[in-house]
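**Student:** Okay, handing you the structure first.
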Protein chains: 2
Amino acid sequence: MPVFLNARDAGFEEAFQTLLSAKREDSPDVDATVAQIIADVRARGDAAVIDLTQKFDRLSLTPATLRISEDDINAAAAQVPQQEHAALALAADRIRAYHARQRPTDAEWVDETGATLGWRWTPVAAAGLYVPGGLASYPSSVLMNAIPAKVAGVPRLAMVVPTPDGVLNPLVLVAAKLAGVDEIYRIGGAQAIAALAYGTETIAPVDKITGPGNAFVAAAKRRVFGKVGIDMIAGPSEILVIADADNDPDWIALDLLSQAEHDESAQSILITTDASFGQAVAKAVEKRLETMQRRVIAGPSWRDFGAVITVPDLETATALSDRIAPEHLELCVADPDGLGAQITHAGAIFLGQWTPEAIGDYVGGPNHVLPTARSARFSSGLSVLDFVKRTTLARMTPEALRAIGPAAETLATSESLEAHGLSVTARLRKLNDG
Amino acid sequence: MPVFLNARDAGFEEAFQTLLSAKREDSPDVDATVAQIIADVRARGDAAVIDLTQKFDRLSLTPATLRISEDDINAAAAQVPQQEHAALALAADRIRAYHARQRPTDAEWVDETGATLGWRWTPVAAAGLYVPGGLASYPSSVLMNAIPAKVAGVPRLAMVVPTPDGVLNPLVLVAAKLAGVDEIYRIGGAQAIAALAYGTETIAPVDKITGPGNAFVAAAKRRVFGKVGIDMIAGPSEILVIADADNDPDWIALDLLSQAEHDESAQSILITTDASFGQAVAKAVEKRLETMQRRVIAGPSWRDFGAVITVPDLETATALSDRIAPEHLELCVADPDGLGAQITHAGAIFLGQWTPEAIGDYVGGPNHVLPTARSARFSSGLSVLDFVKRTTLARMTPEALRAIGPAAETLATSESLEAHGLSVTARLRKLNDG
């Protein structure tokens with residue numbers, strides 16, 4: 001049974017705190033194993049990657065077959081039905097159009113002293129994209145990771161995807177092709193992360209690695225962080241739906257279940273102003289669970305971590321929502337824009353009853369890689385900004401240096417950084433000696 | 001002796017690789033100690049922080065004296081000479097003006113299907129700023145960390161600064177006041193990071209922590225990452241100067257020394273098109289080292305990690321610079337803007353001989369918290385963006401859902417995520433049933 005709470009009840013605050021702090025995932029500690037794998041790949045390169053792929057994926061590779069050939073990609077693409085190809089293409093177009101607006105702009109200006117100041121954005125030279133194998137090998141995630149990189153202008157995008165026993169999802173290859181991925185390697189796990197970060201004879205190193213993965217992949221990303229950039233380490237997915245009574249309980253039930261079906265550790269929460277509507281949604285969830293394909297996943301998720309919270313008004317709902325800082329927030333209320341404007345912490349907001357969260361997973365345009373586990377308090381979903389970096393620019397004129405140099409000398413002296421001060425003093429002396 | 005290299009020499013590539021991969025810092029492994037400290041602060045709150053401050057800083061505190069009072073701050077400010085106060089105020093104004101231009105803009109548009117898409121930026125609710133005690137307690141760093149947070153609109157900014165034996169730099173308090181810091185606590189080390197991340201009875205938790213620190217602070221930041229956001233873990237500082245022969249060797253020597261004096265592990269590199277100019281700079285460095293206050297730091301830095309590289313032309317210089325991806329890059333050449341435009345990876349560029357790097361440390365306007373250890377390949381200096389996060393927005397109309405919903409259904413089916421598909425199907429059915 002999910003938790004049923006009412007914000008008016010005496011014990012509510014304590015129960016809500018318990019809900020907020022529930023630990024939904026126990027990651028196995030694989031750090032020692034991962035450290036060994038990374039050291040092995042750094043020492044032996046391709047040979048280590050090939051041995052580890054034999055061991056973990058039961059697949060025999062050579063340096064020549066590490067990379068998936070253009071022919072293999074085209075052969076896979078030919079198997080994909082036209083309807084799926086078209087759906088992926090539509091998704092790619094919409095994601096590209098959305099992210100194209102995120103390109104940051106350069107700036108340059110002259111200030112009142114005559115100094116020219118500004119900054120310039122440039123893409124990383126090479127990015128690596130991790131794509132899980134097996135059940136969680138989602139072509140939509142390929143689009144969501146690869147397209148922002150290509151929109152950012154990353155010239156080289158290398159993808160890794162494990163193919164246990166040689167099995168590969170052809171849709172993943174089609175998605176990679178649509179997104180403009182430049183190289184694809186049939187490797188996975190910590191060994192693939194190590195190969196991307198440090199390079200091997202066959203795989204050139206990259207500067208930034210993104211994409212989801214299991215505990216080994218997450219531990220490897222943490223370990224190579226600093227040598228390369230990484231995206232956030234994602235936790236299990238979450239949805240919060242705020243809904244008034246003027247909704248179809250079955251729609252809301254399906255929205256809650258579309259998170260629950262991802263993972264037994266996923267969390268789906270409904271906040272409603274109407275207790276009996278909450279009961280109706282819970283009933284609809286149970287009914288849908290009876291026949292759902294993934295009920296062995298969605299059922300435990302809903303029963304262990306699901307919650308239905310009744311609140312006296314929508315102001316209470318937004319206050320609770322900001323404390324949850326949900327990854328996905330659906331606002332199924334009469335004035336979703338008005339309510340949305342009051343939300344401060346959320347990864348993505350889906351406004352109104354015609355915007356199920358699943359639209360955002362595939363074809364809405366915004367990214368579906370979003371901050372989990374309350375990290376929307378301080379971080380954002382994946383974007384073009386993850387694949388660019390900024391160089392700041394400053395150019396003094398003699399006049400500008402005369403205006404602000406003495407303050408730099410004073411501060412350098414007070415920080416006991418003599419050479420800092422002298423580097424200004426020497427120039428000012430020349431100006432004054434004229 | 002620094003390394004002297006010539007890009008025309010046979011062994012150059014190997015020698016340059018050695019320079020690139022030189023390990024300049026051995027961080028002690030303090031992770032186990034830090035884990036204990038964090039656990040202690042989580043378990044015992046203020047009492048743990050007070051005990052640890054007694055132990056490490058030899059300072060007796062109570063919950064009431066953890067925070068530095070307004071009176072103490074004002075008393076400290078009264079001690080600071082007017083010249084230093086004015087210099088800090090000028091720096092604060094210029095840093096604020098530069099960072100004000102970094103505020104990102106919200107977006108909202110209606111696409112061709114009638115869907116409304118966009119995003120909104122909001123500040124983190126609370127940020128914590130770590131300021132080291134002792135020798136590296138720099139008021140300029142307080143400005144560089146605190147001002148971007150305040151420009152971002154962070155409503156609560158809490159600062160921690162250890163005061164070993166009770167000693168505190170009054171300029172640090174003046175800088176905090178000028179920057180708009182809301183709370184200051186006289187604590188440091190891993191215990192201060194734990195208090196900021198998890199909160200105690202006296203210190204409310206924050207959402208993001210920035211600022212430099214020693215190995216304990218760095219390890220603590222790594223450990224609390226995920227619970228809160230952190231900035232980059234900075235390594236020792238670096239400067240690369242590209243200079244032609246038309247420069248005063250002494251100016252360039254001072255610029256190189258202004259990095260070297262920070263830390264024995266700092267690195268200063270000169271790339272020049274004129275070998276004899278390179279020799280003249282090296283000679284000027286040695287001369288300045290004879291009398292420099294911090295020669296016991298700057299000397300070893302220059303001799304162990306310094307380098308003078310002669311190149312045949314400026315194109316070679318920019319190519320080498322991009323491989324170094326320097327934290328600070330000075331371009332002392334005839335056309336610095338033209339050369340700067342060819343640089344892809346650098347934290348900050350200082351254009352022309354009137355722009356010593358020290359200007360950027362204090363009063364230029366751009367941030368002096370910059371990516372070290374070649375991480376300018378994938379990351380940027382501190383900015384307003386570090387204190388805000390983006391919420392994506394999507395609102396479908398019935399017509400928009402009709403246009404793109406079927407593609408979402410197709411992709412959900414191909415990913416075996418049934419509830420995702422059904423959440424769209426249920427709504428489309430209603431539309432089609434009228």
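Residue names in the structure tokens use chain letters A, B, ... in the order shown, residue numbers from 1 in each chain, and ligand numbers from 1 in the order shown.
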Name the residues in contact with B:Lys208 at a cut-off of 7 Å, using only C-alpha atoms, excluding same-chain residues fewer than 4 positions from it; report them as a list in words.
**Tutor:**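 Once the adjacent positions are removed, what remains is Phe378 of chain A; Ala126, Ala127, Gly128, Val228, Gly229 and Ile230 of chain B.
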**Student:** If you run DSSP on the backbone here, which positions in stretch 90-301 of chain A get strand (DSSP E or B)? Please write them as number ranges by chain.
**Tutor:** A: 107-110, 116-123, 126-130, 156-160, 183-185, 208-210, 225, 228-230, 238-243, 267-272
**Student:** Using only C-alpha atoms, which of B:Val308, B:Ala192, B:Leu393, B:Ala260 sits nearest A:Gly347?
**Tutor:** B:Leu393
**Student:** What lies within 8 Å of stretch 173-184 of chain B using only C-alpha atoms, ignoring chain neighbours under 4 positions off, as a CSV table (one decimal) with all heavy atoms, in the first residue's frame?
**Tutor:**
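Output file result.csv follows:
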chain,number,residue,atom,x,y,z
B,67,ARG,N,28.7,31.6,15.7
B,67,ARG,CA,28.5,32.7,14.7
B,67,ARG,C,29.2,33.9,15.1
B,67,ARG,O,29.2,34.3,16.2
B,67,ARG,CB,27.0,32.9,14.5
B,67,ARG,CG,26.7,33.9,13.4
B,67,ARG,CD,25.3,33.9,13.0
B,67,ARG,NE,24.9,35.0,12.2
B,67,ARG,CZ,23.7,35.3,11.7
B,67,ARG,NH1,22.7,34.4,12.0
B,67,ARG,NH2,23.5,36.3,10.9
B,68,ILE,N,29.9,34.6,14.1
B,68,ILE,CA,30.5,35.9,14.4
B,68,ILE,C,29.4,36.9,14.4
B,68,ILE,O,28.7,37.1,13.4
B,68,ILE,CB,31.6,36.2,13.3
B,68,ILE,CG1,32.6,35.0,13.3
B,68,ILE,CG2,32.3,37.5,13.6
B,68,ILE,CD1,33.8,35.2,12.4
B,73,ILE,N,32.0,41.9,13.6
B,73,ILE,CA,32.3,42.3,12.2
B,73,ILE,C,32.5,43.7,12.1
B,73,ILE,O,33.5,44.2,11.4
B,73,ILE,CB,31.1,41.8,11.3
B,73,ILE,CG1,30.9,40.3,11.3
B,73,ILE,CG2,31.3,42.3,9.8
B,73,ILE,CD1,29.7,39.8,10.7
B,76,ALA,N,35.9,44.6,13.6
B,76,ALA,CA,37.0,44.3,12.6
B,76,ALA,C,37.1,45.3,11.5
B,76,ALA,O,38.2,45.7,11.1
B,76,ALA,CB,36.7,42.9,12.1
B,77,ALA,N,35.9,45.7,11.0
B,77,ALA,CA,35.9,46.6,9.8
B,77,ALA,C,36.5,47.9,10.2
B,77,ALA,O,37.2,48.6,9.4
B,77,ALA,CB,34.4,46.8,9.4
B,85,HIS,N,40.0,49.3,2.5
B,85,HIS,CA,38.6,49.2,2.4
B,85,HIS,C,38.1,49.7,1.0
B,85,HIS,O,37.3,49.1,0.3
B,85,HIS,CB,37.9,50.1,3.5
B,85,HIS,CG,36.5,49.8,3.7
B,85,HIS,ND1,35.5,50.2,2.8
B,85,HIS,CD2,35.9,49.1,4.7
B,85,HIS,CE1,34.3,49.8,3.3
B,85,HIS,NE2,34.5,49.1,4.4
B,88,LEU,N,39.0,47.1,-1.7
B,88,LEU,CA,38.0,46.0,-1.7
B,88,LEU,C,36.7,46.5,-2.3
B,88,LEU,O,36.0,45.7,-3.1
B,88,LEU,CB,37.8,45.5,-0.3
B,88,LEU,CG,38.8,44.5,0.2
B,88,LEU,CD1,38.4,44.2,1.7
B,88,LEU,CD2,38.8,43.2,-0.6
B,89,ALA,N,36.3,47.7,-2.0
B,89,ALA,CA,35.0,48.2,-2.5
B,89,ALA,C,35.0,48.3,-4.1
B,89,ALA,O,34.1,48.0,-4.8
B,89,ALA,CB,34.6,49.5,-1.9
B,92,ALA,N,34.9,44.9,-5.5
B,92,ALA,CA,33.5,44.3,-5.4
B,92,ALA,C,32.6,44.9,-6.4
B,92,ALA,O,31.8,44.2,-7.1
B,92,ALA,CB,32.9,44.6,-4.0
B,139,PRO,N,40.9,37.8,1.2
B,139,PRO,CA,39.6,38.6,1.0
B,139,PRO,C,39.1,38.6,-0.4
B,139,PRO,O,37.9,38.6,-0.7
B,139,PRO,CB,40.0,40.0,1.5
B,139,PRO,CG,41.5,40.0,1.7
B,139,PRO,CD,41.9,38.6,1.9
B,140,SER,N,40.1,38.6,-1.4
B,140,SER,CA,39.6,38.6,-2.8
B,140,SER,C,38.8,37.4,-3.1
B,140,SER,O,37.9,37.4,-3.9
B,140,SER,CB,40.8,38.8,-3.7
B,140,SER,OG,41.7,37.7,-3.5
B,142,VAL,N,36.9,35.8,-1.1
B,142,VAL,CA,35.5,36.0,-0.5
B,142,VAL,C,34.6,36.7,-1.5
B,142,VAL,O,33.5,36.3,-1.8
B,142,VAL,CB,35.6,36.7,0.8
B,142,VAL,CG1,34.2,37.1,1.3
B,142,VAL,CG2,36.4,36.0,1.8
B,143,LEU,N,35.2,37.8,-2.1
B,143,LEU,CA,34.4,38.5,-3.1
B,143,LEU,C,34.1,37.6,-4.3
B,143,LEU,O,32.9,37.7,-4.8
B,143,LEU,CB,35.2,39.7,-3.6
B,143,LEU,CG,35.6,40.8,-2.6
B,143,LEU,CD1,36.4,41.9,-3.3
B,143,LEU,CD2,34.4,41.4,-1.9
B,146,ALA,N,31.4,35.0,-3.2
B,146,ALA,CA,30.1,35.5,-2.7
B,146,ALA,C,29.3,36.4,-3.6
B,146,ALA,O,28.1,36.3,-3.7
B,146,ALA,CB,30.4,36.3,-1.4
B,147,ILE,N,30.0,37.2,-4.4
B,147,ILE,CA,29.3,38.1,-5.3
B,147,ILE,C,28.5,37.4,-6.4
B,147,ILE,O,27.3,37.7,-6.6
B,147,ILE,CB,30.3,39.2,-5.9
B,147,ILE,CG1,30.7,40.1,-4.7
B,147,ILE,CG2,29.6,40.0,-7.0
B,147,ILE,CD1,31.7,41.1,-5.1
B,150,LYS,N,25.3,36.2,-4.8
B,150,LYS,CA,24.3,37.3,-4.5
B,150,LYS,C,23.8,37.9,-5.8
B,150,LYS,O,22.6,38.2,-5.9
B,150,LYS,CB,25.0,38.4,-3.7
B,150,LYS,CG,25.1,38.0,-2.2
B,150,LYS,CD,23.6,37.9,-1.6
B,150,LYS,CE,23.6,37.3,-0.2
B,150,LYS,NZ,22.2,37.2,0.3
B,156,ARG,N,20.1,33.3,0.9
B,156,ARG,CA,20.8,33.1,2.2
B,156,ARG,C,22.2,32.5,1.8
B,156,ARG,O,22.4,31.5,1.2
B,156,ARG,CB,20.1,32.0,3.0
B,156,ARG,CG,20.9,31.7,4.3
B,156,ARG,CD,20.1,30.7,5.2
B,156,ARG,NE,21.1,30.2,6.1
B,156,ARG,CZ,21.6,28.9,6.2
B,156,ARG,NH1,21.0,28.0,5.4
B,156,ARG,NH2,22.5,28.6,7.0
B,157,LEU,N,23.2,33.3,2.2
B,157,LEU,CA,24.6,32.9,1.9
B,157,LEU,C,25.4,32.9,3.3
B,157,LEU,O,25.5,33.9,4.0
B,157,LEU,CB,25.3,34.0,1.0
B,157,LEU,CG,26.7,33.8,0.7
B,157,LEU,CD1,27.0,32.4,0.1
B,157,LEU,CD2,27.1,34.9,-0.4
B,158,ALA,N,25.8,31.6,3.6
B,158,ALA,CA,26.4,31.4,4.9
B,158,ALA,C,27.9,31.1,4.6
B,158,ALA,O,28.3,30.4,3.8
B,158,ALA,CB,25.8,30.2,5.6
B,159,MET,N,28.8,31.8,5.4
B,159,MET,CA,30.2,31.6,5.2
B,159,MET,C,30.8,31.0,6.4
B,159,MET,O,30.4,31.2,7.6
B,159,MET,CB,30.8,33.0,5.0
B,159,MET,CG,32.3,33.1,4.8
B,159,MET,SD,32.8,34.8,4.4
B,159,MET,CE,34.1,35.1,5.6
B,160,VAL,N,31.8,30.1,6.2
B,160,VAL,CA,32.6,29.5,7.3
B,160,VAL,C,34.0,29.9,7.1
B,160,VAL,O,34.5,29.9,6.0
B,160,VAL,CB,32.4,28.0,7.4
B,160,VAL,CG1,31.0,27.6,7.8
B,160,VAL,CG2,32.8,27.3,6.1
B,161,VAL,N,34.7,30.2,8.2
B,161,VAL,CA,36.1,30.5,8.1
B,161,VAL,C,36.8,30.1,9.5
B,161,VAL,O,36.4,30.6,10.5
B,161,VAL,CB,36.4,32.0,7.8
B,161,VAL,CG1,35.7,33.0,8.8
B,161,VAL,CG2,37.9,32.3,7.8
B,169,ASN,N,41.4,37.3,9.9
B,169,ASN,CA,41.8,38.4,9.1
B,169,ASN,C,40.7,39.3,9.0
B,169,ASN,O,39.6,39.0,8.3
B,169,ASN,CB,42.2,37.8,7.7
B,169,ASN,CG,42.7,38.9,6.7
B,169,ASN,OD1,42.5,40.1,7.0
B,169,ASN,ND2,43.2,38.4,5.6
**Student:** With a distance cut-off of 7 Å and only C-alpha atoms, select the neighbouring residues of stretch 387-389 of chain B, excluding the residue or stretch itself and same-chain residues fewer than 3 positions from it, and output the selection as a list in words.
**Tutor:** Phe378, Ser379 and Ser380 of chain A; Trp121, Thr122, Pro123, Val124, Ala149, Ala152 and Val384 of chain B
**Student:** Export N, CA, C and O atoms of the chosen residues as a compact mmCIF listing (two decimals), in the first residue's frame?
**Tutor:**
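Listing of result14.txt after writing:
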# COMPACT_ATOMS: atom_id res chain seq x y z
N PHE A 378 19.66 22.25 -6.47
CA PHE A 378 20.91 22.91 -6.84
C PHE A 378 21.42 22.53 -8.22
O PHE A 378 22.49 22.97 -8.63
N SER A 379 20.70 21.71 -8.98
CA SER A 379 21.21 21.36 -10.30
C SER A 379 20.09 21.27 -11.33
O SER A 379 18.91 21.28 -11.00
N SER A 380 20.48 21.17 -12.58
CA SER A 380 19.56 21.26 -13.71
C SER A 380 19.66 20.01 -14.56
O SER A 380 20.63 19.25 -14.47
N TRP B 121 14.89 30.00 -14.86
CA TRP B 121 16.03 29.89 -13.95
C TRP B 121 15.63 30.40 -12.58
O TRP B 121 14.97 31.43 -12.46
N THR B 122 16.08 29.71 -11.54
CA THR B 122 15.85 30.17 -10.17
C THR B 122 17.14 29.98 -9.37
O THR B 122 17.91 29.07 -9.64
N PRO B 123 17.36 30.85 -8.38
CA PRO B 123 18.56 30.68 -7.55
C PRO B 123 18.41 29.53 -6.57
O PRO B 123 17.29 29.15 -6.22
N VAL B 124 19.54 28.96 -6.14
CA VAL B 124 19.47 28.02 -5.03
C VAL B 124 19.02 28.79 -3.80
O VAL B 124 19.21 30.01 -3.70
N ALA B 149 27.06 34.56 -6.16
CA ALA B 149 25.90 33.99 -5.48
C ALA B 149 24.84 35.06 -5.24
O ALA B 149 23.64 34.85 -5.48
N ALA B 152 23.24 36.14 -8.39
CA ALA B 152 22.28 35.12 -8.82
C ALA B 152 20.96 35.23 -8.07
O ALA B 152 19.95 34.66 -8.50
N VAL B 384 27.76 33.15 -12.12
CA VAL B 384 26.38 33.19 -11.64
C VAL B 384 25.68 31.85 -11.92
O VAL B 384 24.83 31.41 -11.13
**Student:** To one decimal place in Å, what is the distance between atom CA of A:Ile309 and atom CA of A:Arg8?
**Tutor:**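 Between atom CA of A:Ile309 and atom CA of A:Arg8 the gap is 10.2 Å.
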